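Novice: So here's structure.txt, just compact mmCIF, C-alpha atoms:
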```txt
# COMPACT_ATOMS: atom_id res chain seq x y z
CA MET A 1 -0.62 9.20 -22.08
CA ARG A 2 -0.92 5.45 -22.60
CA HIS A 3 -2.06 3.68 -19.46
CA PRO A 4 0.71 1.38 -18.13
CA ALA A 5 -1.82 -1.37 -17.55
CA ASP A 6 -2.55 -1.53 -21.29
CA ALA A 7 0.88 -3.08 -21.78
CA LEU A 8 0.00 -5.92 -19.39
CA GLN A 9 -2.84 -7.36 -21.41
CA ALA A 10 -0.43 -9.38 -23.56
CA PHE A 11 0.83 -11.21 -20.46
CA GLY A 12 -2.45 -12.60 -19.17
CA PRO A 13 -6.23 -12.52 -19.40
CA VAL A 14 -8.37 -9.74 -17.97
CA GLU A 15 -11.31 -11.02 -15.92
CA HIS A 16 -13.78 -8.89 -13.98
CA GLY A 17 -11.62 -5.85 -14.71
CA VAL A 18 -8.43 -7.41 -13.29
CA ALA A 19 -5.37 -8.39 -15.37
CA LEU A 20 -4.34 -11.85 -14.16
CA LEU A 21 -0.55 -11.88 -14.31
CA GLU A 22 -0.18 -14.79 -11.90
CA ARG A 23 -2.22 -17.44 -10.13
CA PRO A 24 -3.99 -16.60 -6.87
CA GLY A 25 -1.97 -17.86 -3.91
CA ARG A 26 -2.55 -18.90 -0.32
CA PHE A 27 -1.94 -15.39 0.97
CA GLY A 28 -5.30 -14.05 -0.25
CA ASP A 29 -7.24 -16.74 1.61
CA LEU A 30 -5.36 -16.16 4.86
CA TYR A 31 -5.65 -12.40 4.54
CA ASP A 32 -9.38 -12.46 3.91
CA ARG A 33 -9.95 -14.80 6.85
CA ALA A 34 -8.08 -12.48 9.21
CA ARG A 35 -9.79 -9.36 7.87
CA GLY A 36 -13.17 -10.99 8.38
CA LEU A 37 -12.32 -11.83 11.98
CA GLU A 38 -11.16 -8.25 12.54
CA GLY A 39 -14.27 -6.70 10.98
CA ARG A 40 -12.28 -5.08 8.17
CA ILE A 41 -14.13 -6.41 5.12
CA LEU A 42 -16.27 -3.59 3.73
CA ASP A 43 -19.14 -3.67 1.26
CA ASP A 44 -18.95 -1.83 -2.05
CA ALA A 45 -20.76 1.25 -0.78
CA GLU A 46 -18.34 1.58 2.15
CA VAL A 47 -15.30 1.11 -0.09
CA ALA A 48 -16.58 3.80 -2.46
CA ARG A 49 -16.54 6.32 0.42
CA LEU A 50 -13.02 5.54 1.63
CA PRO A 51 -10.93 6.94 3.21
CA HIS A 52 -13.89 8.60 4.92
CA ARG A 53 -15.69 6.48 7.52
CA SER A 54 -18.16 7.85 10.03
CA GLY A 55 -18.28 4.70 12.18
CA GLY A 56 -16.99 1.20 12.67
CA PRO A 57 -14.35 -0.29 14.96
CA HIS A 58 -11.41 1.02 12.89
CA ARG A 59 -12.65 4.53 12.11
CA TRP A 60 -9.65 6.15 13.85
CA GLU A 61 -7.30 4.34 11.48
CA TRP A 62 -9.18 5.72 8.51
CA ARG A 63 -8.95 9.23 9.91
CA VAL A 64 -5.17 8.79 10.03
CA ARG A 65 -5.03 7.34 6.53
CA ALA A 66 -7.29 10.10 5.14
CA ARG A 67 -4.94 12.76 6.49
CA ASN A 68 -1.85 10.93 5.21
CA ALA A 69 -3.42 10.46 1.78
CA GLN A 70 -4.11 14.18 1.59
CA ARG A 71 -0.46 14.93 2.36
CA LEU A 72 0.54 12.58 -0.46
CA LEU A 73 -1.78 14.35 -2.92
CA VAL A 74 -0.35 17.74 -1.98
CA HIS A 75 3.21 16.48 -2.39
CA LEU A 76 2.56 14.90 -5.79
CA ALA A 77 0.85 18.03 -7.10
CA ARG A 78 3.96 20.17 -6.59
CA PRO A 79 6.54 18.75 -9.03
CA ALA A 80 4.13 17.36 -11.63
CA PRO A 81 0.34 17.46 -11.31
CA ARG A 82 0.04 14.40 -13.60
CA SER A 83 2.10 11.34 -12.68
CA THR A 84 2.09 7.65 -13.52
CA VAL A 85 1.75 5.76 -10.24
CA LEU A 86 2.25 2.11 -9.31
CA ASP A 87 0.15 1.47 -6.18
CA VAL A 88 1.77 -1.63 -4.62
CA GLY A 89 -0.59 -3.64 -2.44
CA CYS A 90 -3.59 -1.56 -3.51
CA GLY A 91 -6.16 -3.83 -1.83
CA ASN A 92 -9.69 -2.64 -2.50
CA GLY A 93 -8.38 0.22 -4.61
CA TRP A 94 -9.45 3.26 -2.62
CA MET A 95 -6.01 4.95 -2.80
CA SER A 96 -5.65 4.15 -6.50
CA ALA A 97 -9.04 5.75 -7.11
CA LEU A 98 -8.15 8.82 -5.02
CA LEU A 99 -4.99 9.33 -7.06
CA ALA A 100 -6.83 8.80 -10.35
CA ARG A 101 -9.44 11.40 -9.40
CA ALA A 102 -6.56 13.83 -8.80
CA GLY A 103 -5.48 13.33 -12.42
CA HIS A 104 -2.78 10.69 -12.05
CA THR A 105 -2.49 7.55 -14.20
CA VAL A 106 -2.59 4.63 -11.77
CA LEU A 107 -1.93 0.91 -11.89
CA GLY A 108 -2.84 -0.92 -8.68
CA ILE A 109 -1.32 -4.34 -8.02
CA ASP A 110 -2.08 -6.81 -5.26
CA ARG A 111 -1.98 -10.55 -4.54
CA ASN A 112 -5.53 -10.72 -3.16
CA LEU A 113 -7.91 -11.44 -6.04
CA PRO A 114 -11.24 -10.86 -4.21
CA GLU A 115 -10.17 -7.36 -3.18
CA LEU A 116 -8.91 -6.57 -6.67
CA ARG A 117 -12.23 -7.64 -8.15
CA GLN A 118 -14.01 -5.37 -5.67
CA ALA A 119 -11.65 -2.52 -6.61
CA ALA A 120 -12.38 -2.95 -10.31
CA ARG A 121 -16.11 -3.16 -9.62
CA VAL A 122 -16.29 -0.12 -7.33
CA PHE A 123 -13.85 2.04 -9.32
CA PRO A 124 -14.39 1.07 -12.98
CA ASP A 125 -13.16 4.43 -14.32
CA GLY A 126 -9.63 5.70 -13.83
CA PRO A 127 -7.24 3.22 -12.19
CA ARG A 128 -6.42 -0.20 -13.61
CA PHE A 129 -5.81 -3.27 -11.48
CA ALA A 130 -3.66 -6.40 -11.81
CA LEU A 131 -3.08 -9.56 -9.80
CA ALA A 132 0.69 -9.34 -9.53
CA ASP A 133 3.62 -9.26 -7.17
CA LEU A 134 6.05 -6.34 -7.35
CA PHE A 135 8.67 -8.69 -8.82
CA ASN A 136 6.40 -10.05 -11.58
CA PRO A 137 8.40 -9.95 -14.85
CA ALA A 138 5.42 -8.45 -16.67
CA LEU A 139 6.32 -5.18 -14.91
CA ASP A 140 9.94 -5.19 -16.05
CA ASP A 141 9.52 -2.84 -19.00
CA LEU A 142 7.07 -0.45 -17.32
CA ARG A 143 8.23 2.85 -15.86
CA PHE A 144 6.46 5.08 -13.34
CA ASN A 145 6.97 8.51 -11.86
CA VAL A 146 5.91 7.17 -8.46
CA VAL A 147 5.99 3.73 -6.83
CA LEU A 148 3.79 3.81 -3.74
CA PHE A 149 3.75 1.49 -0.73
CA ALA A 150 0.72 2.65 1.29
CA ALA A 151 0.23 0.25 4.23
CA SER A 152 1.92 -2.48 2.21
CA PHE A 153 5.69 -2.29 2.77
CA HIS A 154 5.47 -4.72 5.71
CA TYR A 155 4.34 -7.51 3.37
CA PHE A 156 7.83 -7.68 1.82
CA ALA A 157 10.46 -9.78 3.56
CA ASP A 158 13.58 -8.12 2.15
CA ALA A 159 13.47 -4.34 2.42
CA ARG A 160 16.63 -3.80 0.39
CA SER A 161 15.65 -5.86 -2.66
CA THR A 162 12.11 -4.49 -2.53
CA LEU A 163 13.32 -0.89 -2.65
CA GLN A 164 15.86 -1.69 -5.36
CA ARG A 165 13.06 -3.14 -7.48
CA ALA A 166 10.83 -0.13 -6.82
CA ARG A 167 13.59 2.30 -7.80
CA MET A 168 14.17 0.34 -11.01
CA LEU A 169 10.49 0.89 -11.91
CA ALA A 170 10.76 4.60 -11.06
CA PRO A 171 14.26 5.44 -12.36
CA ASP A 172 13.61 9.19 -12.58
CA GLY A 173 10.90 9.41 -9.95
CA GLU A 174 10.06 8.72 -6.33
CA VAL A 175 9.34 5.74 -4.10
CA HIS A 176 6.95 6.45 -1.22
CA VAL A 177 6.76 4.30 1.93
CA MET A 178 3.86 5.33 4.16
CA ASP A 179 1.30 3.90 6.61
CA SER A 180 3.60 1.00 7.60
CA THR A 181 5.41 1.13 10.92
CA LEU A 182 9.18 1.59 10.59
CA TYR A 183 10.84 0.65 13.86
CA PRO A 184 13.72 2.58 15.48
CA ASP A 185 16.07 -0.42 15.71
CA GLN A 186 16.33 -4.17 15.25
CA LYS A 187 15.39 -4.86 18.87
CA ALA A 188 12.07 -3.07 18.43
CA ALA A 189 11.52 -4.84 15.12
CA GLY A 190 12.12 -8.23 16.75
CA GLU A 191 9.63 -7.43 19.50
CA ALA A 192 7.09 -6.44 16.85
CA ARG A 193 7.57 -9.77 15.07
CA ALA A 194 6.87 -11.62 18.31
CA ARG A 195 3.71 -9.57 18.92
CA THR A 196 2.54 -10.25 15.37
CA ALA A 197 2.99 -14.01 15.76
CA ALA A 198 1.13 -13.99 19.07
CA TYR A 199 -1.70 -11.88 17.67
CA TYR A 200 -2.39 -14.03 14.61
CA ALA A 201 -2.17 -17.20 16.69
CA HIS A 202 -4.72 -15.65 19.06
CA ILE A 203 -7.27 -14.88 16.33
CA GLY A 204 -6.80 -18.29 14.71
CA VAL A 205 -4.77 -17.47 11.59
CA PRO A 206 -1.20 -18.20 12.74
CA GLU A 207 0.07 -18.77 9.19
CA LEU A 208 -0.48 -15.11 8.31
CA ALA A 209 2.32 -13.98 10.64
CA ALA A 210 4.85 -15.27 8.11
CA HIS A 211 3.59 -12.64 5.63
CA TYR A 212 4.17 -9.65 7.94
CA HIS A 213 7.68 -8.25 8.29
CA ALA A 214 8.98 -5.60 10.67
CA HIS A 215 11.44 -3.18 9.06
CA THR A 216 13.43 -0.33 10.58
CA LEU A 217 13.66 3.25 9.45
CA GLU A 218 17.31 2.64 8.59
CA ASP A 219 16.27 -0.18 6.22
CA VAL A 220 14.56 2.48 4.13
CA ARG A 221 16.93 5.42 4.65
CA THR A 222 20.00 3.48 3.54
CA ALA A 223 18.36 2.63 0.21
CA GLY A 224 19.29 6.02 -1.24
CA PRO A 225 18.68 9.78 -1.17
CA HIS A 226 15.49 10.40 0.76
CA LEU A 227 13.12 12.91 2.25
CA ILE A 228 11.12 12.26 5.40
CA LEU A 229 7.76 13.92 4.85
CA ARG A 230 6.50 12.91 8.26
CA ARG A 231 7.92 11.50 11.48
CA PRO A 232 5.55 9.66 13.82
CA ARG A 233 4.57 10.88 17.23
CA GLY A 234 4.20 7.29 18.44
CA TRP A 235 1.44 5.44 20.22
CA ASN A 236 2.38 6.89 23.60
CA ALA A 237 2.75 10.48 22.41
CA PRO A 238 0.15 13.11 23.26
CA VAL A 239 -2.84 13.16 20.96
CA ASP A 240 -2.45 15.53 18.02
CA ARG A 241 -4.27 18.70 19.11
CA LEU A 242 -5.51 19.54 15.64
CA TYR A 243 -6.76 16.13 14.54
CA GLY A 244 -7.22 14.27 17.82
CA LEU A 245 -5.14 11.33 16.48
CA ARG A 246 -2.11 9.26 17.27
CA ASP A 247 -0.22 8.40 14.11
CA PRO A 248 2.72 5.94 14.38
CA PHE A 249 3.76 6.09 10.73
CA HIS A 250 6.70 7.61 8.91
CA HIS A 251 6.27 8.84 5.36
CA VAL A 252 9.61 8.42 3.59
CA VAL A 253 10.28 9.42 -0.01
CA LEU A 254 13.24 7.87 -1.87
CA ARG A 255 14.43 9.97 -4.79
CA SER A 256 16.36 8.79 -7.79
```
Write out the structure in this file as structure tokens.
Specialist:
Amino acid sequence: MRHPADALQAFGPVEHGVALLERPGRFGDLYDRARGLEGRILDDAEVARLPHRSGGPHRWEWRVRARNAQRLLVHLARPAPRSTVLDVGCGNGWMSALLARAGHTVLGIDRNLPELRQAARVFPDGPRFALADLFNPALDDLRFNVVLFAASFHYFADARSTLQRARMLAPDGEVHVMDSTLYPDQKAAGEARARTAAYYAHIGVPELAAHYHAHTLEDVRTAGPHLILRRPRGWNAPVDRLYGLRDPFHHVVLRS
């Protein structure tokens, strides 16, 4: 199977293992500044071990994401053990690499060039990486079995157009939205937006709040036929007895 990233080389140069389909923007600088303040920037050795982390201030989040990633792998293995996957907002590439090790053909895209360079450096075999937005025209003629939003759906302002675009890229496949909070109604989403603005102002990166968007479960469900693989227990729910975790995330699959 020809790797989908091979078709992108005609649209831009490849530097440090990353296809440059657009210019780096302001978002990457703001994002890196906030992640540094939060203690979320990991060295190459730590990234190579993800999603498994034995320590650190955010280790509980990685336990949640490790479990959710395993559920995704199990789901994808059932209909077709080998899929072509577009990992939207792939960041440092750990999920792309996990999927590639499971036998899938993966293209990871993101708008943060430093993280993409780290992804290409840490995971040189298997996935390919590109600096690109989901709506970049270089993706127009590519088709995937799976378009994945793993902790990235909240970076898109318009849920409807984002999901329409994703379904166009996976016309006979699935779109997965996971590890982003989907709120029960617009009131809850509005309250989340206010909390986000206050939080980023507090840590000194107020501009980043404009890049985070609170969507509701209905925003996703109304996009088409869907399957809810997981419903959240919520932050105030009892701790999961098996895993000792609270997990606030839905995992919704849109099917063509």
Novice: Which one of A:Met95, A:Ala192, A:Val205, A:Ala120 sits closest to Ser152 of chain A if you count all atoms listed in the file?
Specialist: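 Going through A:Met95, A:Ala192, A:Val205, A:Ala120 one by one, the smallest distance to Ser152 of chain A is for A:Met95.
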Novice: One decimal, Å: what's the distance from atom CA of Pro137 of chain A over to atom CA of Leu30 of chain A, could you say?
Specialist: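 Separation of atom CA of Pro137 of chain A and atom CA of Leu30 of chain A: 24.8 Å.
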Novice: Given the choices A:Leu42, A:Met168, A:Val122, A:Ala19, which gets closest to His58 of chain A if the distance is worked out from only C-alpha atoms?
Specialist: A:Leu42
Novice: Which residues are near Ile203 of chain A? Cut-off 12 Å, all atoms listed in the file, ignore same chain within fewer than 3 positions. Put them as number ranges by chain.
Specialist: A: 30, 33-38, 196-200, 206-209
Novice: Which one of A:Val146, A:His202, A:Ala151, A:Ala69 sits closest to Gly91 of chain A if you count only C-alpha atoms?
Specialist: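 Closest residue, counting only C-alpha atoms: A:Ala151.
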Novice: Do you have the atom CA of Asp32 of chain A-atom CA of Phe149 of chain A distance handy?
Specialist: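 Straight-line distance from atom CA of Asp32 of chain A to atom CA of Phe149 of chain A works out to 19.7 Å.
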Novice: Please compute the atom CA of Ala48 of chain A-atom CA of Arg23 of chain A distance, one decimal, in Å.
Specialist: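 Distance between the two atoms: 26.8 Å.
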Novice: Could you check which of A:Leu98, A:Ala77, A:Leu116, A:Leu50 is closest to Val64 of chain A, using all atoms listed in the file?
Specialist: A:Leu50
Novice: Set the distance at 10 Å and use all atoms listed in the file: which residues neighbour Leu163 of chain A once local chain neighbours fewer than 2 positions away are removed? I'd like the list as a PyMOL selection string.
Specialist: chain A and resi 147+153+156+158-161+165-169+175-177+219-220+223-224+254
Novice: In terms of the shortest atom-to-atom distance over only C-alpha atoms, which of A:Ala210, A:Leu182, A:Ala97, A:Ala194 is closest to His250 of chain A?
Specialist: A:Leu182
Novice: Which residue gives the smallest distance to Gln70 of chain A among A:Arg221, A:His52, A:Arg82, A:Arg117, with all atoms listed in the file counted?
Specialist: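 Using all atoms listed in the file, the shortest distance to Gln70 of chain A belongs to A:His52.
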Novice: List the spatial neighbours of Gly17 of chain A as a ChimeraX atom specification - criterion: any atom at most 10 Å away, all atoms listed in the file, same-chain residues fewer than 4 positions off excluded.
Specialist: /A:13,116-121,123-124,128-130
Novice: Give, as AutoDock Vina command-line options, the centre coordinates and the x, y and z edge lengths in Å to one decimal for an axis-aligned box around all listed atoms of segment 168-185 of chain A, padded by 6 Å on each side.
Specialist:
```
--center_x 8.7 --center_y 4.5 --center_z 1.6 --size_x 26.8 --size_y 21.8 --size_z 40.3
```
Novice: Got a sec: who's within 10 Å of Phe144 of chain A, counting all atoms listed in the file, leaving out chain neighbours fewer than 5 positions off, as a list in words?
Specialist: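 After dropping sequence-adjacent residues, the list is Pro4, Ser83, Thr84, Val85, Leu86, Thr105, Val106, Leu107, Ala166, Arg167, Met168, Leu169, Ala170, Pro171, Asp172, Gly173, Glu174 and Val175 of chain A.
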Novice: Taking a cut-off of 8 Å and counting all atoms listed in the file, can you build a table that, for each residue of segment 70-146 of chain A near segment 24-29 of chain A, reports the nearest atom pair and how far apart they are in Å (one decimal), sorted by chain then residue number, as a tab-separated table?
Specialist:
```
residue	atom	partner	partner_atom	distance
A:Arg111	CA	A:Gly28	CA	6.5
A:Asn112	CA	A:Gly28	CA	4.4
A:Leu113	CA	A:Pro24	CA	6.5
A:Pro114	CA	A:Gly28	CA	7.8
A:Leu131	CA	A:Pro24	CA	7.7
```
Novice: Store the residues of this selection in a file with C-alpha atoms, as an mmCIF file, in the frame of the given file.
Specialist:
```cif
data_model
loop_
_atom_site.group_PDB
_atom_site.id
_atom_site.type_symbol
_atom_site.label_atom_id
_atom_site.label_comp_id
_atom_site.auth_asym_id
_atom_site.auth_seq_id
_atom_site.Cartn_x
_atom_site.Cartn_y
_atom_site.Cartn_z
ATOM 1 C CA ARG A 111 -1.980 -10.550 -4.540
ATOM 2 C CA ASN A 112 -5.530 -10.720 -3.160
ATOM 3 C CA LEU A 113 -7.910 -11.440 -6.040
ATOM 4 C CA PRO A 114 -11.240 -10.860 -4.210
ATOM 5 C CA LEU A 131 -3.080 -9.560 -9.800
#
```
Novice: Show which residues sit within 7 Å of Pro51 of chain A, as a PyMOL selection string. Count all atoms listed in the file, and ignore same-chain residues fewer than 6 positions away.
Specialist: chain A and resi 62+65-66
Novice: Missing atoms in segment 169-193 of chain A should be modelled up to N, CA and C atoms and reported as a short mmCIF file (atom, residue, chain, number, x, y, z; two decimals), keeping the file's coordinate frame.
Specialist:
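Saved result, part_31.cif, follows:
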```
data_model
loop_
_atom_site.label_atom_id
_atom_site.label_comp_id
_atom_site.auth_asym_id
_atom_site.auth_seq_id
_atom_site.Cartn_x
_atom_site.Cartn_y
_atom_site.Cartn_z
N LEU A 169 11.74 0.57 -11.21
CA LEU A 169 10.49 0.89 -11.91
C LEU A 169 10.21 2.38 -11.93
N ALA A 170 10.90 3.14 -11.07
CA ALA A 170 10.76 4.60 -11.06
C ALA A 170 12.14 5.23 -11.16
N PRO A 171 12.86 5.03 -12.28
CA PRO A 171 14.26 5.44 -12.36
C PRO A 171 14.47 6.94 -12.27
N ASP A 172 13.49 7.73 -12.65
CA ASP A 172 13.61 9.19 -12.58
C ASP A 172 12.54 9.78 -11.67
N GLY A 173 12.03 8.96 -10.76
CA GLY A 173 10.90 9.41 -9.95
C GLY A 173 11.12 9.20 -8.47
N GLU A 174 10.05 8.84 -7.78
CA GLU A 174 10.06 8.72 -6.33
C GLU A 174 9.44 7.40 -5.90
N VAL A 175 9.94 6.90 -4.77
CA VAL A 175 9.34 5.74 -4.10
C VAL A 175 8.84 6.22 -2.75
N HIS A 176 7.56 6.01 -2.48
CA HIS A 176 6.95 6.45 -1.22
C HIS A 176 6.65 5.24 -0.34
N VAL A 177 7.09 5.31 0.91
CA VAL A 177 6.76 4.30 1.93
C VAL A 177 5.99 5.02 3.02
N MET A 178 4.71 4.66 3.20
CA MET A 178 3.86 5.33 4.16
C MET A 178 2.86 4.34 4.76
N ASP A 179 2.34 4.68 5.93
CA ASP A 179 1.30 3.90 6.61
C ASP A 179 1.73 2.47 6.94
N SER A 180 3.04 2.23 7.02
CA SER A 180 3.60 1.00 7.60
C SER A 180 4.56 1.43 8.70
N THR A 181 4.52 0.76 9.84
CA THR A 181 5.41 1.13 10.92
C THR A 181 6.86 0.81 10.58
N LEU A 182 7.74 1.78 10.74
CA LEU A 182 9.18 1.59 10.59
C LEU A 182 9.80 1.75 11.97
N TYR A 183 10.41 0.70 12.47
CA TYR A 183 10.84 0.65 13.86
C TYR A 183 12.19 1.33 14.05
N PRO A 184 12.49 1.81 15.26
CA PRO A 184 13.72 2.58 15.48
C PRO A 184 14.99 1.74 15.44
N ASP A 185 14.88 0.44 15.72
CA ASP A 185 16.07 -0.42 15.71
C ASP A 185 15.64 -1.87 15.57
N GLN A 186 16.63 -2.76 15.45
CA GLN A 186 16.33 -4.17 15.25
C GLN A 186 15.68 -4.81 16.48
N LYS A 187 16.02 -4.32 17.65
CA LYS A 187 15.39 -4.86 18.87
C LYS A 187 13.89 -4.62 18.84
N ALA A 188 13.49 -3.39 18.50
CA ALA A 188 12.07 -3.07 18.43
C ALA A 188 11.38 -3.86 17.32
N ALA A 189 12.09 -4.07 16.21
CA ALA A 189 11.52 -4.84 15.12
C ALA A 189 11.31 -6.29 15.54
N GLY A 190 12.26 -6.86 16.27
CA GLY A 190 12.12 -8.23 16.75
C GLY A 190 10.96 -8.38 17.71
N GLU A 191 10.77 -7.40 18.58
CA GLU A 191 9.63 -7.43 19.50
C GLU A 191 8.32 -7.35 18.74
N ALA A 192 8.30 -6.56 17.66
CA ALA A 192 7.09 -6.44 16.85
C ALA A 192 6.78 -7.77 16.16
N ARG A 193 7.80 -8.47 15.71
CA ARG A 193 7.57 -9.77 15.07
C ARG A 193 6.94 -10.75 16.06
#
```
